[in-house]
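Participant: target-v8.cif (mmCIF, C-alpha atoms and all ligand atoms) pasted underneath:
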data_target
#
loop_
_atom_site.label_atom_id
_atom_site.label_comp_id
_atom_site.auth_asym_id
_atom_site.auth_seq_id
_atom_site.Cartn_x
_atom_site.Cartn_y
_atom_site.Cartn_z
CA MET A 1 154.02 -148.17 -20.95
CA VAL A 2 151.28 -150.43 -19.80
CA ALA A 3 147.66 -149.76 -18.86
CA VAL A 4 146.72 -150.07 -15.21
CA TRP A 5 145.77 -153.63 -14.48
CA ALA A 6 142.05 -153.87 -13.76
CA GLY A 7 141.55 -157.59 -13.34
CA ALA A 8 138.96 -159.09 -11.02
CA GLY A 9 140.25 -161.02 -8.01
CA THR A 10 143.46 -159.04 -7.84
CA ALA A 11 144.42 -160.34 -4.41
CA ALA A 12 144.03 -163.99 -5.39
CA ALA A 13 145.99 -163.55 -8.63
CA GLY A 14 148.91 -162.02 -6.75
CA SER A 15 149.23 -164.85 -4.28
CA PHE A 16 151.96 -167.45 -4.74
CA ASN A 17 154.27 -169.45 -2.52
CA THR A 18 156.79 -170.62 -5.12
CA VAL A 19 158.79 -168.90 -7.83
CA VAL A 20 159.87 -171.09 -10.73
CA ILE A 21 163.10 -169.59 -12.08
CA ASP A 22 163.89 -170.48 -15.67
CA ALA A 23 167.40 -169.75 -16.89
CA GLY A 24 167.11 -169.59 -20.67
CA HIS A 25 168.94 -171.97 -23.03
CA GLY A 26 171.74 -174.31 -21.86
CA ALA A 27 174.32 -176.81 -23.15
CA HIS A 28 174.45 -176.81 -27.00
CA ASP A 29 171.78 -174.11 -27.03
CA PHE A 30 174.00 -171.08 -26.32
CA GLY A 31 171.34 -168.44 -26.91
CA ALA A 32 172.75 -165.08 -27.97
CA ASN A 33 176.53 -165.28 -28.14
CA ARG A 34 179.39 -163.02 -29.16
CA GLY A 35 182.93 -164.30 -28.74
CA SER A 36 183.32 -165.29 -25.10
CA PHE A 37 179.87 -163.95 -24.21
CA PHE A 38 177.10 -166.55 -23.88
CA GLU A 39 173.49 -165.85 -23.01
CA LYS A 40 173.14 -169.28 -21.36
CA HIS A 41 175.80 -168.40 -18.76
CA ILE A 42 174.42 -164.92 -18.02
CA ALA A 43 170.88 -166.30 -17.69
CA LEU A 44 172.00 -168.98 -15.23
CA ASP A 45 174.03 -166.51 -13.17
CA VAL A 46 171.08 -164.09 -12.86
CA ALA A 47 168.80 -167.05 -12.07
CA ARG A 48 171.09 -168.19 -9.23
CA ARG A 49 171.26 -164.67 -7.83
CA LEU A 50 167.46 -164.42 -7.96
CA GLU A 51 167.18 -167.79 -6.24
CA ARG A 52 169.46 -166.57 -3.44
CA PHE A 53 167.52 -163.31 -3.03
CA LEU A 54 164.13 -165.01 -2.87
CA ARG A 55 165.25 -167.69 -0.42
CA LYS A 56 166.68 -164.99 1.82
CA ASN A 57 163.20 -163.44 1.73
CA GLY A 58 161.50 -166.70 2.64
CA VAL A 59 160.16 -167.56 -0.81
CA ARG A 60 160.33 -171.14 -2.07
CA THR A 61 162.08 -171.48 -5.44
CA VAL A 62 162.33 -174.12 -8.13
CA MET A 63 165.01 -173.87 -10.81
CA THR A 64 164.20 -175.38 -14.22
CA ARG A 65 167.97 -175.84 -14.57
CA SER A 66 170.77 -175.17 -12.09
CA ASN A 67 173.65 -176.14 -14.33
CA ASP A 68 174.64 -175.99 -18.00
CA ARG A 69 172.16 -178.43 -19.52
CA PHE A 70 169.52 -178.41 -22.20
CA ILE A 71 165.84 -178.51 -21.27
CA PRO A 72 163.10 -178.34 -23.94
CA LEU A 73 160.76 -175.34 -23.70
CA GLY A 74 157.69 -177.51 -23.07
CA THR A 75 159.43 -179.21 -20.15
CA ARG A 76 160.28 -175.83 -18.62
CA ALA A 77 156.64 -174.70 -18.67
CA GLY A 78 155.61 -178.11 -17.30
CA ILE A 79 157.91 -177.72 -14.28
CA GLY A 80 156.13 -174.44 -13.52
CA ASN A 81 152.68 -175.91 -13.97
CA ARG A 82 153.45 -178.74 -11.53
CA SER A 83 154.75 -176.37 -8.87
CA GLY A 84 151.47 -175.47 -7.19
CA ARG A 85 150.74 -171.83 -6.44
CA SER A 86 153.71 -170.58 -8.40
CA VAL A 87 154.75 -167.82 -10.72
CA PHE A 88 157.15 -168.44 -13.59
CA VAL A 89 160.09 -166.18 -14.47
CA SER A 90 162.20 -166.87 -17.54
CA ILE A 91 165.53 -165.04 -17.82
CA HIS A 92 167.16 -164.17 -21.14
CA VAL A 93 169.56 -161.90 -22.99
CA ASN A 94 168.36 -160.14 -26.11
CA ASP A 95 169.93 -160.12 -29.56
CA ALA A 96 169.37 -157.92 -32.59
CA ARG A 97 170.85 -157.39 -36.01
CA ARG A 98 170.71 -153.64 -35.38
CA ARG A 99 173.59 -153.10 -32.96
CA SER A 100 172.12 -149.89 -31.56
CA ALA A 101 169.17 -151.81 -30.08
CA ALA A 102 169.57 -151.75 -26.29
CA GLY A 103 167.65 -151.82 -23.05
CA LEU A 104 165.34 -153.83 -20.88
CA GLU A 105 162.01 -155.40 -21.74
CA THR A 106 159.65 -157.80 -20.03
CA PHE A 107 157.13 -160.04 -21.79
CA TYR A 108 153.88 -161.63 -20.67
CA HIS A 109 151.15 -163.68 -22.32
CA VAL A 110 148.11 -163.50 -20.06
CA ARG A 111 146.82 -160.58 -18.02
CA GLU A 112 148.08 -161.81 -14.62
CA GLY A 113 151.50 -161.91 -16.17
CA GLN A 114 151.12 -158.34 -17.39
CA LYS A 115 150.85 -156.92 -13.90
CA LEU A 116 153.86 -158.92 -12.71
CA ALA A 117 155.83 -157.86 -15.80
CA ALA A 118 155.11 -154.18 -15.13
CA LEU A 119 156.29 -154.46 -11.51
CA VAL A 120 159.51 -156.23 -12.52
CA GLN A 121 160.24 -153.83 -15.37
CA ARG A 122 159.75 -150.84 -13.06
CA GLU A 123 162.22 -152.20 -10.48
CA MET A 124 164.85 -153.05 -13.09
CA LEU A 125 164.74 -149.52 -14.48
CA ARG A 126 164.84 -148.04 -11.00
CA ASN A 127 167.75 -150.13 -9.70
CA THR A 128 170.09 -150.57 -12.65
CA ASN A 129 170.55 -147.02 -13.92
CA HIS A 130 169.78 -148.40 -17.38
CA GLY A 131 167.91 -145.71 -19.28
CA GLY A 132 166.74 -148.11 -21.97
CA ASN A 133 163.09 -148.84 -21.27
CA ARG A 134 161.75 -151.03 -24.07
CA GLY A 135 158.59 -151.60 -22.08
CA VAL A 136 156.25 -154.38 -21.09
CA LYS A 137 155.01 -156.38 -24.06
CA PHE A 138 152.66 -159.15 -25.03
CA ALA A 139 154.36 -162.15 -26.63
CA ARG A 140 153.45 -165.67 -27.72
CA PHE A 141 156.68 -167.29 -26.51
CA LYS A 142 156.15 -170.98 -25.89
CA VAL A 143 157.23 -170.91 -22.22
CA LEU A 144 154.67 -168.14 -21.56
CA ARG A 145 151.89 -169.63 -23.70
CA GLU A 146 152.12 -173.05 -22.09
CA SER A 147 152.30 -171.74 -18.54
CA SER A 148 149.11 -172.10 -16.56
CA ARG A 149 150.41 -169.72 -13.89
CA PRO A 150 151.36 -166.00 -14.11
CA ALA A 151 154.50 -166.02 -16.23
CA ILE A 152 156.98 -163.45 -17.50
CA LEU A 153 160.07 -163.47 -19.67
CA VAL A 154 162.73 -160.91 -18.80
CA GLU A 155 165.22 -159.65 -21.40
CA THR A 156 168.12 -158.32 -19.34
CA GLY A 157 169.92 -156.46 -22.14
CA PHE A 158 171.35 -157.05 -25.61
CA ALA A 159 174.34 -159.25 -26.38
CA SER A 160 174.53 -157.39 -29.70
CA ASN A 161 174.94 -153.97 -28.09
CA SER A 162 178.39 -153.12 -26.71
CA GLY A 163 177.07 -151.04 -23.80
CA ASP A 164 174.56 -153.67 -22.75
CA GLN A 165 177.07 -156.47 -23.10
CA LYS A 166 179.50 -154.57 -20.89
CA ARG A 167 176.74 -154.18 -18.28
CA LEU A 168 175.84 -157.87 -18.46
CA ARG A 169 179.48 -158.88 -17.95
CA ASP A 170 179.47 -156.91 -14.68
CA PRO A 171 178.36 -159.02 -11.67
CA ARG A 172 177.01 -155.87 -9.96
CA TYR A 173 174.60 -155.32 -12.84
CA ARG A 174 173.54 -158.97 -12.80
CA GLU A 175 172.95 -158.73 -9.05
CA ALA A 176 170.90 -155.53 -9.52
CA ILE A 177 168.80 -157.24 -12.21
CA ALA A 178 168.25 -160.30 -10.03
CA GLN A 179 167.25 -158.25 -6.98
CA SER A 180 164.95 -156.07 -9.10
CA ILE A 181 163.13 -159.13 -10.39
CA GLY A 182 162.90 -160.36 -6.80
CA ILE A 183 161.51 -157.06 -5.50
CA GLY A 184 159.00 -156.96 -8.37
CA LEU A 185 157.84 -160.45 -7.40
CA LEU A 186 157.48 -159.50 -3.72
CA ASN A 187 155.54 -156.37 -4.67
CA TYR A 188 153.23 -158.47 -6.84
CA ARG A 189 152.45 -160.73 -3.89
CA ARG A 190 151.48 -157.80 -1.70
ZN ZN B 1 167.14 -166.31 -24.93
#
As structure tokens, how would this structure be written, given the file I've shared?
Ligand SMILES: [Zn+2]
Facilitator:
Amino acid sequence: MVAVWAGAGTAAAGSFNTVVIDAGHGAHDFGANRGSFFEKHIALDVARRLERFLRKNGVRTVMTRSNDRFIPLGTRAGIGNRSGRSVFVSIHVNDARRRSAAGLETFYHVREGQKLAALVQREMLRNTNHGGNRGVKFARFKVLRESSRPAILVETGFASNSGDQKRLRDPRYREAIAQSIGIGLLNYRR
């Protein structure tokens, strides 16, 4: 759980006109992978679904990648930083040595990101029927650290957990995750 956000200038911090959607990994960087399951493909699929949802809702989007290619982490953050009044959303699949580890978690680095992360996490739990709430957490991930705009990194489930992997292989789950992220973003702007 996360403390109630008590930042000054709340209204200003929640305003954006562009969402930079960052599908994790790409090309030779598979991310988490098990057999025919590749994080890079799941991340891109969720990213495309999120792009579609946001455009339908009149929000401008920028994709750091829209196909299977490799983009360095610093470049990804840079695309966000050059995109004006934007927020940055990085999409990933988790991995753990302990195969029982499962669930959803959302990371942030600065306080504006924390509020956005909490709103996205809440919607994902509400809309996916996934009982695994791993919470909203601070992290020093490079894409978050180097972002000058509110930024979050969403872990959509574990490749290493059979139940989560089954969910992630299901397009309905990926659509629910994408729409939940989108709703969280729209709530943040309000
Ligand atoms: Zn990843």
Participant: Distance limit 6 Å, reference ligand ZN 1 (chain B), atoms considered: all atoms listed in the file. Which residues make the cut? Give them as a list in words.
Facilitator: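 Those within range of ligand ZN 1 (chain B) are Gly24, Gly31, His92 and Val93 of chain A.
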Participant: Would you compute the distance between CA of Arg65 (chain A) and CA of Lys166 (chain A)? Give it in Å to one decimal.
Facilitator: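 Separation between CA of Arg65 (chain A) and CA of Lys166 (chain A): 25.0 Å.
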Participant: Would you list the contacts of region 127-134 of chain A as a PDB file with C-alpha atoms, keeping the file's coordinate frame, taking every protein, DNA or RNA residue within 12 Å and counting only C-alpha atoms, but skipping same-chain residues closer than 5 positions in sequence?
Facilitator:
ATOM      1  CA  MET A   1     154.020-148.170 -20.950  1.00  0.00           C
ATOM      2  CA  VAL A   2     151.280-150.430 -19.800  1.00  0.00           C
ATOM      3  CA  ASN A  94     168.360-160.140 -26.110  1.00  0.00           C
ATOM      4  CA  SER A 100     172.120-149.890 -31.560  1.00  0.00           C
ATOM      5  CA  ALA A 101     169.170-151.810 -30.080  1.00  0.00           C
ATOM      6  CA  ALA A 102     169.570-151.750 -26.290  1.00  0.00           C
ATOM      7  CA  GLY A 103     167.650-151.820 -23.050  1.00  0.00           C
ATOM      8  CA  LEU A 104     165.340-153.830 -20.880  1.00  0.00           C
ATOM      9  CA  GLU A 105     162.010-155.400 -21.740  1.00  0.00           C
ATOM     10  CA  THR A 106     159.650-157.800 -20.030  1.00  0.00           C
ATOM     11  CA  PHE A 107     157.130-160.040 -21.790  1.00  0.00           C
ATOM     12  CA  ALA A 118     155.110-154.180 -15.130  1.00  0.00           C
ATOM     13  CA  VAL A 120     159.510-156.230 -12.520  1.00  0.00           C
ATOM     14  CA  GLN A 121     160.240-153.830 -15.370  1.00  0.00           C
ATOM     15  CA  ARG A 122     159.750-150.840 -13.060  1.00  0.00           C
ATOM     16  CA  VAL A 154     162.730-160.910 -18.800  1.00  0.00           C
ATOM     17  CA  GLU A 155     165.220-159.650 -21.400  1.00  0.00           C
ATOM     18  CA  THR A 156     168.120-158.320 -19.340  1.00  0.00           C
ATOM     19  CA  GLY A 157     169.920-156.460 -22.140  1.00  0.00           C
ATOM     20  CA  PHE A 158     171.350-157.050 -25.610  1.00  0.00           C
ATOM     21  CA  ASN A 161     174.940-153.970 -28.090  1.00  0.00           C
ATOM     22  CA  GLY A 163     177.070-151.040 -23.800  1.00  0.00           C
ATOM     23  CA  ASP A 164     174.560-153.670 -22.750  1.00  0.00           C
ATOM     24  CA  ARG A 167     176.740-154.180 -18.280  1.00  0.00           C
ATOM     25  CA  LEU A 168     175.840-157.870 -18.460  1.00  0.00           C
ATOM     26  CA  ASP A 170     179.470-156.910 -14.680  1.00  0.00           C
ATOM     27  CA  PRO A 171     178.360-159.020 -11.670  1.00  0.00           C
ATOM     28  CA  ARG A 172     177.010-155.870  -9.960  1.00  0.00           C
ATOM     29  CA  TYR A 173     174.600-155.320 -12.840  1.00  0.00           C
ATOM     30  CA  ARG A 174     173.540-158.970 -12.800  1.00  0.00           C
ATOM     31  CA  GLU A 175     172.950-158.730  -9.050  1.00  0.00           C
ATOM     32  CA  ALA A 176     170.900-155.530  -9.520  1.00  0.00           C
ATOM     33  CA  ILE A 177     168.800-157.240 -12.210  1.00  0.00           C
ATOM     34  CA  ALA A 178     168.250-160.300 -10.030  1.00  0.00           C
ATOM     35  CA  GLN A 179     167.250-158.250  -6.980  1.00  0.00           C
ATOM     36  CA  SER A 180     164.950-156.070  -9.100  1.00  0.00           C
ATOM     37  CA  ILE A 181     163.130-159.130 -10.390  1.00  0.00           C
ATOM     38  CA  GLY A 182     162.900-160.360  -6.800  1.00  0.00           C
ATOM     39  CA  ILE A 183     161.510-157.060  -5.500  1.00  0.00           C
ATOM     40  CA  GLY A 184     159.000-156.960  -8.370  1.00  0.00           C
TER      41      GLY A 184
END
Participant: Need to verify the contact set: Ala27 (chain A), 9 Å, all atoms listed in the file, exclusion of same-chain residues closer than 6 positions in sequence. Can you return it as a list of chain:residue names?
Facilitator: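 Near neighbours after the sequence-gap exclusion: A:Lys40, A:Asn67, A:Asp68, A:Arg69, A:Phe70, A:Ile71.
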Participant: Create the file for the chosen residues now, containing C-alpha atoms and written as a short mmCIF file (atom, residue, chain, number, x, y, z; two decimals), in the frame of the given file.
Facilitator:
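And here's part_6.cif as it stands now:
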data_model
loop_
_atom_site.label_atom_id
_atom_site.label_comp_id
_atom_site.auth_asym_id
_atom_site.auth_seq_id
_atom_site.Cartn_x
_atom_site.Cartn_y
_atom_site.Cartn_z
CA LYS A 40 173.14 -169.28 -21.36
CA ASN A 67 173.65 -176.14 -14.33
CA ASP A 68 174.64 -175.99 -18.00
CA ARG A 69 172.16 -178.43 -19.52
CA PHE A 70 169.52 -178.41 -22.20
CA ILE A 71 165.84 -178.51 -21.27
#
Participant: Interatomic distance between CA of Gly84 (chain A) and CA of Thr18 (chain A)?
Facilitator: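 Spanning CA of Gly84 (chain A) to CA of Thr18 (chain A) is a straight-line distance of 7.5 Å.
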Participant: Which of these residues is nearest to Gly80 (chain A), using all atoms listed in the file: A:Arg149, A:Arg140, A:Arg55, A:His41?
Facilitator: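 For Gly80 (chain A), the nearest of the candidates is A:Arg149.
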Participant: May I have the protein, DNA and RNA residues with any atom at most 10 Å from the point (165.9, -164.3, -5.0), counting all atoms listed in the file, written as a list in words?
Facilitator: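 Returned residue set, sorted by chain then number, is Val19, Ile21, Val46, Ala47, Arg48, Arg49, Leu50, Glu51, Arg52, Phe53, Leu54, Arg55, Lys56, Asn57, Gly58, Val59, Arg60, Thr61, Glu175, Ala178, Gln179, Ser180, Ile181, Gly182, Ile183, Leu185 and Leu186 of chain A.
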Participant: So which residues fall inside 12 Å of (158.2, -177.0, -16.5) if we count all atoms listed in the file? Mind giving them as an MDAnalysis selection string?
Facilitator: chainID A and resid 19:23 62:65 71:84 86:90 142:144 146:149 151
Participant: As an exercise, work out the distance from CA of Arg169 (chain A) to CA of Phe38 (chain A) in Å and give it to one decimal place.
Facilitator: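 It comes out at 10.0 Å.
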Participant: Near Phe138 (chain A), within 10 Å and counting only C-alpha atoms, which residues show up once chain neighbours fewer than 5 positions away are dropped, as a ChimeraX atom specification?
Facilitator: /A:106-111,113-114,117,144,152
